[in-house]
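Engineer: Pasting in a structure now, in structure tokens, and then I'll have a few things to ask.
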Amino acid sequence: MFNRFLFVCVLVLASLTFMACGDASSVDENAIFVNVGPEPETLDPTLNSSIDGSIYISHAFEGLIARDEKNKAVAGMAKSWDVSADGMKYTFHLKDDILWSDGKPVVAGDFVYAWRRAVDPLVASEYSYQMEVLKNAKAIIEGEMPIDALGVVAIDDKTLEVSLESPTAYFLELASSITYLPVREDIVNKYGSDWTLNPETYISNGAFIMSERRTDDKIVMIKNTNYYGKDSVVADKIVFVLMDNATGSVAGVKEGSLHFAKNPPPQDIPLLQEEGILKIAPYIGTYYYSLNTTNKTIEDARVRKALSLAIDRNYIVEKVTQSGQKPAGAWVPNGISDVKNDFRANGGDYISVNQADYEKNIEEAKTLMAEAGYPNGEGFPVIEFKSQAGNHLITFEAIQQMWKDVLNIDSRVVTEESAVFSISKYRKDFTIAHGLWVGDYNDPMTFMALFTSTSPQNTAAYANPEYDKLIETASFSGDNKLRMKAMHDAEALLFRDTVLIPLYFYTEAIVVNPKLKDVVYDGLATHKFTYAYIEK
């Protein structure tokens, strides 16, 4: 039934949003107004684990390797590098004219500090596993060695020597990721966890500096005049508007208070396409349901597989999300390279997403539930689905009905705000929860490493020595054929044990003001506004 009260409330909330943001053209005609999410959990490169946080951070910081206006990996803080014959050692030579935003030189020791901090067990970075290709990193993360044993040494202020555990084909891709960014030791030591909270202490080395920050309102960044590449930076000012209101953000783009907004309401997408303000951007990501394998309700792998098979993924992408997503029958999405061609194309599906096979999936799901002791859902407890509010609930409502229709089981939703939800998943305080993983670099490892027994991102609590061994082989082998085979074998284990429920491979629906030009759309979701401008 149409809820007139709710409709009025939405309109009022949207109106308040416009009033808060103002008209972008009237407030600052040179600023680009962007909404990619609510208040971030952190702006610390070492501690960040979110997509929106990555977008903010990537505008303020730059690593040894950067990405240009065509999104290609290029020299960043490093002007060149040498690789040893055995592939075990990289020697980076830093540019001469690189400065922090407060005017101090960026030196090799800044990278040493930041990388040691990332593997420090006391810091507990969720992305510490990305450093495990570095010599001794894994032992340090596990508390078995001191942090100064890490394979990174400042030979002098302009020379950084990096030692690896073994040849790593994707190391330069890794070096361009957020976790590998430099951080200033003196700033972190002086201000502690508060160093990211205001412009005076958020010292960065990238194309932009923070000029203003208001919690739950906005983060303002302006061009960094100390940045070596400032002449190539087009945008003068970026205002990141912090809100989690899909309806309000769409209205903001239409009214002029925003130029760019992510995650419009799925039901609005067809109309937005007709209006010409919707962009479907490439996105190397998988939307999935995380399964807490230690939770008693779903500890039986047959139950987990039945829940997965009962979902009509074609219906989800065609009738619910409606943004060009592809039904996912596996974990690693399209767009990730293999030895030859595409990893997903070579690996195929573990769950048939052919619509003609859905009836077979249903019959297998019913059989599995009966074998697990719940014929026609009899005696099965109510499943709790934990989620943030917003579009995630729309998708779950469709799946909730499928589980009821196919398996005759009931489920309920528990919603939490973003920061609490992240903690719940980290602490395994859930039964089933939504998840989204977007690659940090172009290699299957960016997806496969999540489910090792030591990964902080392993919300499924999956612990399989065989899987760990395969990922170790893929991580430390210089033979690309061997490492890709290991990752295909590891992915097969994830589906043998039903560790997750993949729903669809992402595209990203973005509402964009037609006047906004030259945004660099990143398939890894870290969109850049460095070269963007507002057409007059």
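In the structure tokens, chains take letters A, B, ... by order of appearance, with residues numbered from 1 within each chain and ligands from 1 in the order shown.
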Would you list, as an MDAnalysis selection string, the residues of segment 231-297 of chain A that end up in alpha helix (DSSP H) under DSSP run on this structure's backbone?
Structural biologist: chainID A and resid 246:255 269:275
Engineer: Selection from above, C-alpha atoms, as an mmCIF file, in the first residue's frame, can you write it?
Structural biologist:
data_model
loop_
_atom_site.group_PDB
_atom_site.id
_atom_site.type_symbol
_atom_site.label_atom_id
_atom_site.label_comp_id
_atom_site.auth_asym_id
_atom_site.auth_seq_id
_atom_site.Cartn_x
_atom_site.Cartn_y
_atom_site.Cartn_z
ATOM 1 C CA ALA A 246 19.964 7.554 -1.952
ATOM 2 C CA THR A 247 16.789 9.506 -2.694
ATOM 3 C CA GLY A 248 18.318 12.748 -1.473
ATOM 4 C CA SER A 249 21.541 12.278 -3.443
ATOM 5 C CA VAL A 250 19.643 11.679 -6.710
ATOM 6 C CA ALA A 251 17.552 14.764 -6.067
ATOM 7 C CA GLY A 252 20.771 16.656 -5.296
ATOM 8 C CA VAL A 253 22.191 15.893 -8.745
ATOM 9 C CA LYS A 254 18.940 16.936 -10.392
ATOM 10 C CA GLU A 255 18.691 20.168 -8.374
ATOM 11 C CA ILE A 269 17.327 3.427 -12.416
ATOM 12 C CA PRO A 270 15.131 3.018 -15.533
ATOM 13 C CA LEU A 271 13.869 6.606 -15.242
ATOM 14 C CA LEU A 272 17.370 7.957 -14.559
ATOM 15 C CA GLN A 273 18.568 6.209 -17.723
ATOM 16 C CA GLU A 274 15.791 7.860 -19.700
ATOM 17 C CA GLU A 275 16.748 11.230 -18.229
#
Engineer: So that I can check the surroundings of Ala365 of chain A, please list as a list of chain:residue names every protein, DNA and RNA residue that reaches within 8 Å of it, counting only C-alpha atoms and ignoring chain neighbours fewer than 3 positions away.
Structural biologist: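 The residues satisfying every condition are A:Lys305, A:Ala306, A:Leu307, A:Leu309, A:Ala310, A:Asn361, A:Ile362, A:Leu368, A:Met369, A:Leu407.
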Engineer: Mind the document's chain letters and residue numbers, and return as number ranges by chain the residues of segment 185-413 of chain A that DSSP labels strand (DSSP E).
Structural biologist: A: 208-214, 218-223, 237-242, 260-262, 278-291, 326-327, 383-387, 411-413
Engineer: Could you pull the residues within 12 Å of Tyr283 of chain A, counting only C-alpha atoms, minus those fewer than 6 positions along the same chain, as a list of chain:residue names?
Structural biologist: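 So the residues in contact are A:Ile51, A:Ser323, A:Gly324, A:Gln325, A:Lys326, A:Pro333, A:Asn334, A:Gly335, A:Ile336, A:Leu436, A:Trp437, A:Val438, A:Gly439, A:Asp440, A:Asn442, A:Tyr504, A:Phe505, A:Tyr506, A:Thr507, A:Glu508, A:Ala509, A:Ile510, A:Tyr521, A:Asp522, A:Gly523, A:Leu524, A:Ala525, A:Thr526, A:His527.
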Engineer: Between A:Ala330, A:Val123, A:Ala398, A:Met210, which residue has the minimum interatomic distance to Tyr56 of chain A, considering only C-alpha atoms?
Structural biologist: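 Among the listed residues, A:Met210 lies closest to Tyr56 of chain A.
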Engineer: Taking a cut-off of 12 Å and counting only C-alpha atoms, can you build a table that, for each residue of segment 189-212 of chain A near segment 100-115 of chain A, reports the nearest atom pair and how far apart they are in Å (one decimal), sorted by chain then residue number, as a tab-separated table?
Structural biologist:
residue	atom	partner	partner_atom	distance
A:Asn189	CA	A:Tyr113	CA	11.3
A:Pro199	CA	A:Ser101	CA	10.3
A:Glu200	CA	A:Asp102	CA	9.1
A:Thr201	CA	A:Asp102	CA	9.5
A:Tyr202	CA	A:Ser101	CA	8.9
A:Ile203	CA	A:Ser101	CA	5.7
A:Ser204	CA	A:Ser101	CA	5.5
A:Asn205	CA	A:Trp100	CA	4.5
A:Gly206	CA	A:Trp100	CA	8.0
A:Ala207	CA	A:Ser101	CA	9.4
A:Phe208	CA	A:Ser101	CA	8.6
A:Ile209	CA	A:Ser101	CA	6.8
A:Met210	CA	A:Ser101	CA	9.6
A:Ser211	CA	A:Ser101	CA	11.2
Engineer: Expressed in Å to a single decimal, how great is the separation between atom CA of Glu41 of chain A and atom CA of Gly53 of chain A?
Structural biologist: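 Between these atoms lies a distance of 7.5 Å.
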Engineer: Measure the distance from atom CA of Leu482 of chain A to atom CA of Val499 of chain A in Å and round it to one decimal.
Structural biologist: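 Value for the atom CA of Leu482 of chain A-atom CA of Val499 of chain A distance: 23.9 Å.
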Engineer: Residues at most 9 Å from Leu172 of chain A, counting only C-alpha atoms, excluding those fewer than 3 positions away in the same chain, as a VMD selection string?
Structural biologist: chain A and resid 64 to 65 73 168 to 169 175 to 176
Engineer: Just want the 12 Å neighbourhood of Phe260 of chain A, counted on only C-alpha atoms, with same-chain residues fewer than 3 positions away dropped. Output as an MDAnalysis selection string.
Structural biologist: chainID A and resid 24 31:37 238:241 246 249:257 263:264 277:279 509:517 519 521 527:529 532:534
Engineer: Kindly export the residues of the current selection with N, CA and C atoms, as a compact mmCIF listing (two decimals), in the first residue's frame.
Structural biologist:
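Printed below is again35.txt as written:
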# COMPACT_ATOMS: atom_id res chain seq x y z
N ALA A 24 25.17 23.91 -5.96
CA ALA A 24 26.61 23.83 -6.19
C ALA A 24 27.12 25.02 -7.00
N ALA A 31 33.97 24.34 -7.64
CA ALA A 31 34.03 23.11 -6.84
C ALA A 31 33.23 21.99 -7.49
N ILE A 32 33.70 20.77 -7.27
CA ILE A 32 32.98 19.57 -7.70
C ILE A 32 32.37 18.96 -6.45
N PHE A 33 31.05 18.80 -6.45
CA PHE A 33 30.33 18.28 -5.28
C PHE A 33 30.02 16.81 -5.50
N VAL A 34 30.49 15.98 -4.58
CA VAL A 34 30.47 14.53 -4.76
C VAL A 34 29.88 13.85 -3.53
N ASN A 35 29.03 12.85 -3.74
CA ASN A 35 28.55 12.01 -2.64
C ASN A 35 28.86 10.55 -2.97
N VAL A 36 29.77 9.96 -2.19
CA VAL A 36 30.07 8.54 -2.37
C VAL A 36 29.76 7.72 -1.13
N GLY A 37 29.26 8.37 -0.07
CA GLY A 37 28.91 7.62 1.13
C GLY A 37 28.76 8.53 2.34
N ILE A 238 37.29 19.87 -4.38
CA ILE A 238 36.33 18.78 -4.33
C ILE A 238 35.64 18.81 -2.97
N VAL A 239 34.33 18.86 -2.99
CA VAL A 239 33.55 18.82 -1.75
C VAL A 239 32.87 17.46 -1.69
N PHE A 240 33.34 16.61 -0.77
CA PHE A 240 32.73 15.31 -0.56
C PHE A 240 31.61 15.47 0.45
N VAL A 241 30.38 15.40 -0.02
CA VAL A 241 29.21 15.54 0.84
C VAL A 241 28.92 14.19 1.49
N ALA A 246 19.96 7.75 -0.51
CA ALA A 246 19.96 7.55 -1.95
C ALA A 246 18.98 8.48 -2.66
N SER A 249 20.38 12.05 -2.58
CA SER A 249 21.54 12.28 -3.44
C SER A 249 21.13 12.39 -4.91
N VAL A 250 20.15 11.57 -5.33
CA VAL A 250 19.64 11.68 -6.71
C VAL A 250 19.00 13.05 -6.92
N ALA A 251 18.19 13.45 -5.97
CA ALA A 251 17.55 14.76 -6.07
C ALA A 251 18.61 15.87 -6.07
N GLY A 252 19.70 15.67 -5.34
CA GLY A 252 20.77 16.66 -5.30
C GLY A 252 21.41 16.87 -6.65
N VAL A 253 21.63 15.77 -7.40
CA VAL A 253 22.19 15.89 -8.74
C VAL A 253 21.22 16.63 -9.65
N LYS A 254 19.94 16.29 -9.54
CA LYS A 254 18.94 16.94 -10.39
C LYS A 254 18.80 18.43 -10.07
N GLU A 255 18.89 18.78 -8.79
CA GLU A 255 18.69 20.17 -8.37
C GLU A 255 19.96 21.01 -8.49
N GLY A 256 21.11 20.36 -8.60
CA GLY A 256 22.35 21.10 -8.75
C GLY A 256 23.21 21.19 -7.51
N SER A 257 22.80 20.57 -6.39
CA SER A 257 23.62 20.60 -5.18
C SER A 257 24.72 19.54 -5.21
N ASN A 263 25.13 4.90 -5.95
CA ASN A 263 24.08 4.06 -5.37
C ASN A 263 22.69 4.67 -5.36
N PRO A 264 22.14 5.02 -6.53
CA PRO A 264 20.76 5.50 -6.57
C PRO A 264 19.80 4.36 -6.24
N ILE A 277 21.04 10.89 -17.03
CA ILE A 277 21.98 11.27 -15.96
C ILE A 277 22.52 10.05 -15.22
N LEU A 278 22.29 8.87 -15.78
CA LEU A 278 22.80 7.65 -15.14
C LEU A 278 23.97 7.11 -15.95
N LYS A 279 25.07 6.81 -15.26
CA LYS A 279 26.21 6.16 -15.88
C LYS A 279 26.38 4.78 -15.25
N ALA A 509 26.07 1.78 -10.69
CA ALA A 509 25.16 2.82 -11.15
C ALA A 509 25.50 4.13 -10.45
N ILE A 510 25.77 5.15 -11.24
CA ILE A 510 26.17 6.46 -10.70
C ILE A 510 25.33 7.54 -11.37
N VAL A 511 24.84 8.45 -10.58
CA VAL A 511 24.09 9.58 -11.12
C VAL A 511 25.08 10.74 -11.30
N VAL A 512 25.17 11.23 -12.54
CA VAL A 512 26.19 12.22 -12.87
C VAL A 512 25.55 13.42 -13.57
N ASN A 513 25.84 14.61 -13.06
CA ASN A 513 25.41 15.83 -13.72
C ASN A 513 26.10 15.92 -15.08
N PRO A 514 25.36 16.18 -16.16
CA PRO A 514 25.97 16.23 -17.50
C PRO A 514 27.11 17.23 -17.63
N LYS A 515 27.18 18.22 -16.74
CA LYS A 515 28.24 19.21 -16.81
C LYS A 515 29.57 18.70 -16.25
N LEU A 516 29.54 17.59 -15.50
CA LEU A 516 30.77 17.05 -14.93
C LEU A 516 31.51 16.24 -15.99
N LYS A 517 32.74 16.61 -16.26
CA LYS A 517 33.53 15.98 -17.32
C LYS A 517 34.83 15.39 -16.78
N VAL A 519 35.85 12.59 -15.30
CA VAL A 519 36.06 11.73 -14.13
C VAL A 519 36.77 10.47 -14.60
N TYR A 521 36.89 6.84 -14.19
CA TYR A 521 36.09 5.78 -13.59
C TYR A 521 36.96 4.53 -13.45
N HIS A 527 37.22 5.91 -7.86
CA HIS A 527 37.06 6.91 -8.91
C HIS A 527 37.85 8.17 -8.55
N LYS A 528 38.41 8.81 -9.58
CA LYS A 528 39.25 9.98 -9.35
C LYS A 528 38.66 11.22 -10.01
N PHE A 529 38.72 12.33 -9.28
CA PHE A 529 38.22 13.61 -9.77
C PHE A 529 39.37 14.58 -10.03
N ALA A 532 38.96 16.17 -13.38
CA ALA A 532 37.58 16.52 -13.70
C ALA A 532 37.36 18.03 -13.65
N TYR A 533 36.31 18.47 -14.34
CA TYR A 533 35.95 19.88 -14.33
C TYR A 533 34.46 20.01 -14.62
N ILE A 534 33.92 21.19 -14.30
CA ILE A 534 32.52 21.48 -14.56
C ILE A 534 32.45 22.32 -15.84
Engineer: Report, in Å to a single decimal, how far apart atom CA of Val303 of chain A and atom CA of Trp403 of chain A are.
Structural biologist: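 Separation of atom CA of Trp403 of chain A and atom CA of Val303 of chain A: 11.5 Å.
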Engineer: Find, counting only C-alpha atoms, the residue in A:Glu144, A:Asp443, A:Glu29, A:Asp244 that gets nearest to Phe171 of chain A.
Structural biologist: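 Ranked by minimum distance to Phe171 of chain A, first place goes to A:Asp443.
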Engineer: Could you check which of A:Ser166, A:Ser125, A:Gln400, A:Thr286 is closest to Phe447 of chain A, using only C-alpha atoms?
Structural biologist: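 Nearest candidate to Phe447 of chain A out of A:Ser166, A:Ser125, A:Gln400, A:Thr286: A:Thr286.
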Engineer: Which one is closest to Val133 of chain A: A:Lys89, A:Lys95, A:Lys366, A:Lys158? Count only C-alpha atoms.
Structural biologist: A:Lys89
Engineer: With distances taken over only C-alpha atoms, which residue among A:Leu450, A:Leu493, A:Met487, A:Ile140 lies nearest Glu466 of chain A?
Structural biologist: A:Leu493
Engineer: Would you mind telling me which residue in A:Val353, A:Met445, A:Val339, A:Ala492 lies nearest to Asn480 of chain A when using only C-alpha atoms?
Structural biologist: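 Result for the nearest residue to Asn480 of chain A: A:Val339.
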